[in-house]
file target-v6.cif (mmCIF, C-alpha atoms)
data_final
#
loop_
_atom_site.label_atom_id
_atom_site.label_comp_id
_atom_site.auth_asym_id
_atom_site.auth_seq_id
_atom_site.Cartn_x
_atom_site.Cartn_y
_atom_site.Cartn_z
CA GLU A 1 0.00 0.00 0.00
CA ARG A 2 1.36 3.39 -0.98
CA THR A 3 1.32 6.34 1.39
CA ASP A 4 2.39 9.95 1.14
CA LEU A 5 4.77 9.56 4.06
CA ASP A 6 8.23 10.96 3.61
CA LEU A 7 10.34 8.90 5.98
CA LYS A 8 14.03 9.00 6.69
CA VAL A 9 15.20 5.75 8.24
CA ASP A 10 18.50 5.50 10.09
CA TYR A 11 19.59 1.99 10.91
CA VAL A 12 21.70 1.94 14.06
CA SER A 13 23.21 -1.29 15.29
CA ILE A 14 24.05 -1.91 18.91
CA ASN A 15 26.78 -4.27 19.99
CA ASP A 16 25.09 -7.51 21.07
CA ASN A 17 28.10 -8.66 23.10
CA GLU A 18 26.72 -6.73 26.06
CA ASP A 19 23.57 -7.57 27.99
CA LEU A 20 21.68 -4.34 27.36
CA GLY A 21 18.12 -3.50 28.30
CA THR A 22 15.86 -1.23 26.29
CA ALA A 23 16.74 1.80 28.42
CA ASP A 24 20.45 1.08 27.87
CA SER A 25 19.91 0.87 24.11
CA LEU A 26 17.98 4.15 24.03
CA ARG A 27 20.75 5.79 26.04
CA LEU A 28 23.35 4.64 23.49
CA ILE A 29 21.47 6.24 20.59
CA SER A 30 20.05 9.21 22.52
CA ASP A 31 22.06 11.74 20.49
CA LYS A 32 20.16 10.64 17.36
CA LEU A 33 16.74 11.01 19.03
CA LYS A 34 15.63 14.63 18.56
CA SER A 35 11.88 14.30 19.21
CA ASP A 36 9.40 12.02 20.96
CA VAL A 37 10.03 8.30 20.46
CA LEU A 38 7.86 5.26 19.73
CA VAL A 39 9.49 2.12 21.14
CA ILE A 40 8.24 -1.23 19.82
CA SER A 41 9.66 -4.57 20.89
CA CYS A 42 11.20 -6.53 18.03
CA ASP A 43 8.86 -9.47 18.72
CA PHE A 44 5.63 -7.46 18.92
CA ILE A 45 3.07 -8.97 16.55
CA SER A 46 -0.45 -7.59 16.76
CA ASP A 47 -3.33 -6.12 14.84
CA VAL A 48 -3.62 -3.31 17.41
CA SER A 49 -3.68 0.11 15.79
CA LEU A 50 -0.83 2.29 17.03
CA LYS A 51 -2.97 5.30 16.19
CA GLY A 52 -4.83 4.87 19.50
CA ILE A 53 -1.73 4.92 21.69
CA LEU A 54 -0.30 7.88 19.77
CA ASN A 55 -3.56 9.82 20.06
CA THR A 56 -3.70 9.12 23.81
CA PHE A 57 -0.09 10.28 24.17
CA ARG A 58 -0.88 13.55 22.39
CA ALA A 59 -4.29 14.18 23.98
CA HIS A 60 -2.97 13.85 27.55
CA ASN A 61 0.42 15.42 26.82
CA ALA A 62 1.83 12.34 28.56
CA SER A 63 5.49 11.87 29.36
CA VAL A 64 5.15 8.12 28.80
CA THR A 65 2.31 6.11 27.30
CA SER A 66 2.41 2.32 27.40
CA LEU A 67 0.24 -0.35 25.83
CA PHE A 68 -1.10 -3.13 28.05
CA LEU A 69 -3.13 -5.97 26.53
CA TYR A 70 -5.40 -8.72 27.77
CA PRO A 71 -3.79 -12.11 27.09
CA GLN A 72 -4.99 -14.24 24.20
CA GLN A 73 -6.28 -17.76 24.81
CA SER A 74 -3.07 -19.77 25.29
CA GLU A 75 -4.52 -22.87 23.63
CA ASN A 76 -4.35 -21.11 20.25
CA ILE A 77 -0.75 -20.02 20.62
CA ILE A 78 2.12 -22.31 19.67
CA VAL A 79 5.32 -21.28 21.36
CA PRO A 80 8.64 -22.52 19.97
CA GLY A 81 11.11 -24.19 22.31
CA PRO A 82 10.88 -26.90 24.94
CA LYS A 83 7.38 -28.01 25.95
CA SER A 84 8.00 -27.77 29.70
CA LYS A 85 5.67 -25.98 32.09
CA TYR A 86 6.53 -22.30 32.32
CA LYS A 87 5.19 -20.11 35.09
CA THR A 88 4.57 -16.66 33.69
CA GLU A 89 5.58 -13.61 35.65
CA ARG A 90 2.61 -11.48 36.59
CA ASP A 91 2.52 -7.74 36.83
CA LEU A 92 0.31 -5.75 39.15
CA ILE A 93 -0.86 -2.74 37.19
CA GLY A 94 -2.76 0.10 38.84
CA ILE A 95 -4.83 2.34 36.57
CA ASP A 96 -6.75 5.42 37.68
CA GLU A 97 -10.19 4.66 36.26
CA GLN A 98 -11.09 8.33 35.79
CA THR A 99 -7.96 9.41 33.92
CA SER A 100 -6.55 6.10 32.55
CA ARG A 101 -3.26 7.12 34.18
CA LEU A 102 -0.82 4.37 35.13
CA VAL A 103 -0.33 4.92 38.87
CA PHE A 104 1.18 1.62 40.04
CA LEU A 105 3.39 -1.02 38.42
CA ALA A 106 5.12 -3.89 40.19
CA SER A 107 5.85 -7.56 39.83
CA ALA A 108 3.48 -9.82 41.78
CA SER A 109 6.53 -11.74 43.00
CA ASP A 110 7.58 -8.64 44.97
CA PHE A 111 4.64 -9.26 47.34
CA GLU A 112 3.96 -12.31 49.47
CA ASN A 113 0.29 -12.38 50.42
CA GLU A 114 -0.94 -8.82 50.44
CA LEU A 115 -0.45 -5.64 48.51
CA SER A 116 0.12 -2.34 50.29
CA LEU A 117 -0.39 0.81 48.27
CA PRO A 118 1.22 4.11 49.26
CA THR A 119 -1.14 6.46 51.09
CA THR A 120 -0.11 9.30 48.78
CA LEU A 121 -1.30 7.25 45.81
CA LEU A 122 -4.71 6.60 47.37
CA LYS A 123 -5.13 10.26 48.35
CA LYS A 124 -4.22 11.53 44.89
CA HIS A 125 -6.04 8.81 42.92
CA THR A 126 -9.27 7.79 44.61
CA ASN A 127 -10.49 5.41 41.90
CA VAL A 128 -7.65 2.95 41.25
CA LYS A 129 -8.21 -0.48 39.77
CA ILE A 130 -5.43 -3.07 40.15
CA TYR A 131 -5.06 -5.56 37.30
CA SER A 132 -3.10 -8.80 37.47
CA ASN A 133 -4.20 -10.12 34.09
CA LEU A 134 -2.72 -7.55 31.71
CA ILE A 135 0.40 -8.08 29.63
CA ASP A 136 2.92 -5.35 28.95
CA SER A 137 3.28 -5.27 25.16
CA HIS A 138 6.61 -3.42 25.40
CA VAL A 139 5.19 -0.66 23.22
CA TYR A 140 5.92 2.78 24.66
CA VAL A 141 5.72 6.37 23.51
CA LEU A 142 8.26 8.57 25.29
CA LYS A 143 8.62 12.34 25.42
CA ASN A 144 12.07 13.46 24.37
CA TRP A 145 12.78 14.74 27.90
CA VAL A 146 12.50 11.12 29.12
CA ILE A 147 15.27 10.13 26.68
CA LYS A 148 17.41 13.00 27.98
CA TYR A 149 16.67 11.90 31.54
CA LEU A 150 17.72 8.33 30.66
CA LYS A 151 21.00 9.66 29.34
CA SER A 152 21.73 11.35 32.67
CA GLU A 153 20.53 8.39 34.80
CA GLU A 154 22.73 5.47 33.84
CA ASN A 155 21.37 3.13 36.51
CA PHE A 156 18.18 2.34 34.55
CA MET A 157 18.56 -0.74 32.38
CA SER A 158 14.95 -1.48 31.42
CA ILE A 159 11.91 0.64 30.69
CA LYS A 160 9.29 -1.57 32.34
CA GLY A 161 11.25 -2.81 35.33
CA GLU A 162 13.07 0.37 36.31
CA LEU A 163 12.19 3.54 34.39
CA LEU A 164 8.37 3.24 34.52
CA PRO A 165 8.21 2.47 38.28
CA HIS A 166 10.57 5.42 38.89
CA ILE A 167 8.43 7.83 36.86
CA ILE A 168 5.24 6.54 38.51
CA LYS A 169 6.76 7.10 41.96
CA LYS A 170 7.93 10.59 40.97
CA GLN A 171 4.44 11.63 39.85
CA LEU A 172 3.27 11.03 43.43
CA SER A 173 5.97 13.17 45.02
CA LYS A 174 5.73 16.89 45.57
CA PRO A 175 7.56 19.02 43.01
CA THR A 176 10.85 20.51 44.10
CA VAL A 177 10.66 24.27 44.52
CA TRP A 178 13.82 26.28 44.21
CA HIS A 179 14.01 29.61 46.05
CA CYS A 180 16.46 32.27 45.13
CA CYS A 181 17.37 35.33 47.12
CA LYS A 182 18.34 38.78 45.90
CA THR A 183 21.53 40.12 47.33
CA GLY A 184 22.67 43.67 47.73
#
call {"tool": "encode", "arguments": {"input": "target-v6.cif", "output": "structure tokens"}}
result
Amino acid sequence: ERTDLDLKVDYVSINDNEDLGTADSLRLISDKLKSDVLVISCDFISDVSLKGILNTFRAHNASVTSLFLYPQQSENIIVPGPKSKYKTERDLIGIDEQTSRLVFLASASDFENELSLPTTLLKKHTNVKIYSNLIDSHVYVLKNWVIKYLKSEENFMSIKGELLPHIIKKQLSKPTVWHCCKTG
């Protein structure tokens, strides 16, 4: 299908001798990223329209927008590799039902029997629904300032496991106010 898009594609390879996460890879190419970024996992196969996630990103002026999906019926999916039982890792995903804002993200394995939510979260977001059945598609839209932040914070290796929880926690904290005094 022909489109009127005028695209310039730069192919950038990253050394695969190192064990790099997505955040690490973005940091390595950050000088080439001049605007907002759409990150799609190399194994993402779906009929989901990316138009929806991009429109949400723009409409809410979000710093990060991520795509979570309900799992497909596993009986219809053939997975290559050994046929042993595999226990999937579950995420606990908290969404503010009024704003669709992601307000909590953690691995279920981080909690034994009960989940404690920060009081600041419950005060700020009074209508939170926790999901344990959503799958992170590893599709993200990031504001360019997030890429710049990644460049300055070298301790983040992954988007989902480290960067997103950090940003979620920061949105609950009070903004830092700098005061300056006149002299003389």
call {"tool": "atom_distance", "arguments": {"input": "target-v6.cif", "atom1": "CA of Val141 (chain A)", "atom2": "CA of Leu117 (chain A)"}}
result
26.1 Å
call {"tool": "residues_around", "arguments": {"input": "target-v6.cif", "residues": "Ser66 (chain A)", "least_positions_apart": "2", "cutoff": "9 Å", "atoms": "all atoms listed in the file", "output": "PyMOL selection string"}}
result
chain A and resi 53+57+64+68+102+136-142
call {"tool": "resolve_selection", "arguments": {"input": "target-v6.cif", "expression": "the PyMOL selection byres ((chain A and resi 131) around 7)", "output": "list in words"}}
result
Leu92, Ile93, Gly94, Lys129, Ile130, Ser132, Asn133 and Leu134 of chain A
call {"tool": "atom_distance", "arguments": {"input": "target-v6.cif", "atom1": "CA of Phe44 (chain A)", "atom2": "CA of Ser25 (chain A)"}}
result
17.3 Å
call {"tool": "resolve_selection", "arguments": {"input": "target-v6.cif", "expression": "the PyMOL selection byres ((chain A and resi 54) around 12)", "output": "list in words"}}
result
Asp36, Val37, Leu38, Val39, Val48, Ser49, Leu50, Lys51, Gly52, Ile53, Asn55, Thr56, Phe57, Arg58, Ala59, His60, Asn61, Ala62, Ser63, Val64, Thr65, Ser66, Leu67, Val139, Tyr140, Val141, Leu142 and Lys143 of chain A
